[in-house]
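Shown next, in structure tokens, is the structure this report addresses.
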Amino acid sequence: MPHAISVVVFPGFQLLDAAGPIAAFEIAAGFVPGSYVLRLCAVEPGLVRSSSGVAFEAQRLPRLPQVDTLLVAGGDGVREAQRDTRLLSFLRRAGARVPRIASVCSGALLLARAGLLDGKRATTHWCRVAELRREFPDVAVEGDRIWVRDGAIWTSAGISAGIDLALAMIAEDLGASVARDVARQLVVYAQRPGGQTQHSDLLELGPAGGRFAELHGWIRQRLGSKLDVSDLAARVSMSPRTFARAYVAETGVTPAKAVERLRVESARSLLDAGALSLQDIADRTGFGDIERMRRAFIRLFGAPPSALRRTGRIPASGSGRAPAPSPRRAPPVRLAPIESARAPSESSHPRSNRVVRSR
């Protein structure tokens with residue numbers, strides 16, 4: 001029997017939250033025919049408009065005994081969707097009956113509103129992490145994770161992280177080798193290095209016009225120099241003890257951690273430029289040696305500079321060639337029509353399932 005996956009959307013959903021995982025499962029079904037059957041569902045069946053204005057055709061919410069995995073998209077419309085009692089009731093019933101439930105991006109807010117994340121570890125898009133923590137204190141939010149699994153509940157970070165989530169599920173269902181083949185076909189990492197901090201604005205230290213904004217600019221111009229608490233306190237005409245307390249109250253981090261963040265921020269920009277060696281970057285940003293810089297990157301990004309340079313497709317000095325693509329290609333796959341529960345076959349895609357209508 002094929003594994004039945006229902007993807008739940010709502011008005012204002014983020015298109016890639018749904019399309020990314022669907023594409024991953026579709027390709028997996030090409031490598032292992034009959035493995036998955038996919039449906040797109042909504043409270044109100046018919047055309048459901050995404051935040052981009054492009055509409056997808058959805059069928060009504062499924063009968064739960066027919067669902068093996070329920071995946072909830074996120075998007076700008078998630079706040080209004082949290083007020084939909086029909087959707088929340090459906091999710092609560094699903095929590096007791098569906099073997100695997102997942103969310104992509106801000107879809108975690110819907111799962112949390114339905115009570116499915118109480119006492120669970122979870123993640124969401126980095127810009128929604130504070131909201132998830134504030135509104136749902138019973139959820140153990142892991143803000144830098146690409147995806148999190150806690151029992152039958154899976155959650156992912158923002159947008160493209162839904163593909164990472166789908167690849168992890170494919171690895172569990174069909175094996176790691178199939179997941180790697182799907183990743184190659186999608187031209188993505190099977191397991192991307194680092195967490196979502198590398199894509200966020202986590203390095204911002206307080207508001208742009210905040211009390212220490214000028215100090216931060218001064219620090220950025222002197223990252224190669226010694227910058228201890230006494231130097232920073234003198235710059236703002238405060239005693240070291242008073243400065244340290246005031247700084248933590250304003251930014252939420254110690255002065256030493258702030259200097260480290262600013263050095264990492266500068267190092268990351270130089271890394272992205274791709275012209276300097278790691279040792280040159282360490283010297284310019286005040287780390288002094290590569291190992292010290294590597295430890296700081298791992299603390300903030302979950303991955304060393306060398307891995308992030310590869311992730312950004314930035315060649316190291318002296319290398320200008322990308323790795324050759326894998327010659328293996330997935331065979332064509334047909335997914336069951338949205339109204340049907342039939343297993344996928346190897347014939348071409350039916351056009352009725354591939355049409356999206358824009359306004």
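If you're wondering about the labels, chains in the structure tokens are A, B, ... by order shown, residues count from 1 in each chain, ligands from 1 in order shown.
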Applying 8 Å and only C-alpha atoms, which residues near Gly224 (chain A) remain after dropping the ones on its own chain fewer than 3 positions away? List them as a compact mmCIF listing (two decimals) with all heavy atoms, in the first residue's frame.
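Result written to selection_22.txt:
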```txt
# COMPACT_ATOMS: atom_id res chain seq x y z
N ASP A 283 42.65 36.68 10.78
CA ASP A 283 43.51 37.81 11.17
C ASP A 283 42.76 39.13 11.08
O ASP A 283 42.85 39.97 11.99
CB ASP A 283 44.76 37.85 10.29
CG ASP A 283 45.71 36.69 10.55
OD1 ASP A 283 45.63 36.10 11.65
OD2 ASP A 283 46.52 36.37 9.65
N ARG A 284 42.04 39.33 10.01
CA ARG A 284 41.35 40.61 9.80
C ARG A 284 40.23 40.86 10.80
O ARG A 284 39.91 42.00 11.12
CB ARG A 284 40.77 40.67 8.38
CG ARG A 284 41.79 40.85 7.29
CD ARG A 284 41.14 41.30 6.01
NE ARG A 284 42.10 41.41 4.92
CZ ARG A 284 41.83 42.04 3.78
NH1 ARG A 284 40.65 42.60 3.59
NH2 ARG A 284 42.75 42.09 2.83
N THR A 285 39.62 39.81 11.28
CA THR A 285 38.45 39.97 12.16
C THR A 285 38.79 39.81 13.64
O THR A 285 37.89 39.82 14.48
CB THR A 285 37.36 38.96 11.77
OG1 THR A 285 37.90 37.63 11.78
CG2 THR A 285 36.81 39.25 10.38
N GLY A 286 40.06 39.67 13.97
CA GLY A 286 40.46 39.65 15.36
C GLY A 286 40.44 38.29 16.02
O GLY A 286 40.72 38.19 17.23
N PHE A 287 40.14 37.23 15.28
CA PHE A 287 40.18 35.90 15.88
C PHE A 287 41.63 35.43 16.08
O PHE A 287 41.93 34.71 17.02
CB PHE A 287 39.43 34.90 15.02
CG PHE A 287 37.93 35.02 15.12
CD1 PHE A 287 37.18 35.50 14.06
CD2 PHE A 287 37.27 34.65 16.28
CE1 PHE A 287 35.81 35.62 14.15
CE2 PHE A 287 35.89 34.76 16.38
CZ PHE A 287 35.16 35.25 15.31
```
task: Could you please write out, as a list of chain:residue names, every residue of region 81-129 of chain A that DSSP assigns to strand (DSSP E or B)?
output: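 DSSP-assigned strand (DSSP E or B) residues in region 81-129 of chain A: A:Arg100, A:Ile101, A:Ala102, A:Ser103, A:Arg121, A:Ala122.
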Go ahead and save the picked residues with C-alpha atoms, as a short mmCIF file (atom, residue, chain, number, x, y, z; two decimals), in the first residue's frame.
```cif
data_model
loop_
_atom_site.label_atom_id
_atom_site.label_comp_id
_atom_site.auth_asym_id
_atom_site.auth_seq_id
_atom_site.Cartn_x
_atom_site.Cartn_y
_atom_site.Cartn_z
CA ARG A 100 2.91 11.20 11.50
CA ILE A 101 2.09 14.92 11.65
CA ALA A 102 4.37 17.66 10.38
CA SER A 103 4.49 21.39 9.80
CA ARG A 121 10.32 20.11 21.01
CA ALA A 122 9.68 22.09 17.83
#
```
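Coordinates place CA of Lys120 (chain A) at a distance of 10.7 Å from CA of Pro137 (chain A).
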message: DSSP on the backbone, alpha helix (DSSP H) only: what residues of region 21-224 of chain A does that give? Format it as a PyMOL selection string.
response: chain A and resi 21-31+78-81+85-97+107-113+129-135+161-174+176-186+213-220
Residues within 7 Å of Gly158 (chain A), only C-alpha atoms, excluding chain neighbours under 6 positions, as a compact mmCIF listing (two decimals) with N, CA, C and O atoms, in the first residue's frame:
```
# COMPACT_ATOMS: atom_id res chain seq x y z
N VAL A 104 5.50 22.85 8.20
CA VAL A 104 6.58 23.56 7.54
C VAL A 104 6.47 25.03 7.91
O VAL A 104 5.36 25.60 7.92
N CYS A 105 7.60 25.63 8.27
CA CYS A 105 7.64 27.07 8.52
C CYS A 105 6.67 27.45 9.64
O CYS A 105 6.62 26.80 10.68
N THR A 124 10.49 26.47 13.94
CA THR A 124 9.70 27.20 12.96
C THR A 124 10.63 28.15 12.24
O THR A 124 11.84 28.16 12.49
N HIS A 125 10.10 28.94 11.33
CA HIS A 125 10.91 29.94 10.64
C HIS A 125 11.57 30.85 11.67
O HIS A 125 10.95 31.22 12.68
N TRP A 126 12.82 31.25 11.43
CA TRP A 126 13.55 32.01 12.44
C TRP A 126 12.82 33.30 12.82
O TRP A 126 12.90 33.75 13.95
```
- prompt: By how many Å are CA of Glu135 (chain A) and CA of Thr251 (chain A) apart?
  reply: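 Atom-to-atom, CA of Glu135 (chain A) to CA of Thr251 (chain A), that is 21.6 Å.
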- request: Name the residues in contact with Val148 (chain A) at a cut-off of 12 Å, using only C-alpha atoms, excluding same-chain residues fewer than 2 positions from it; report them as a ChimeraX atom specification.
  value: /A:101-105,108,117,120-124,140-146,150-157,161-162,164-166,168-169,195
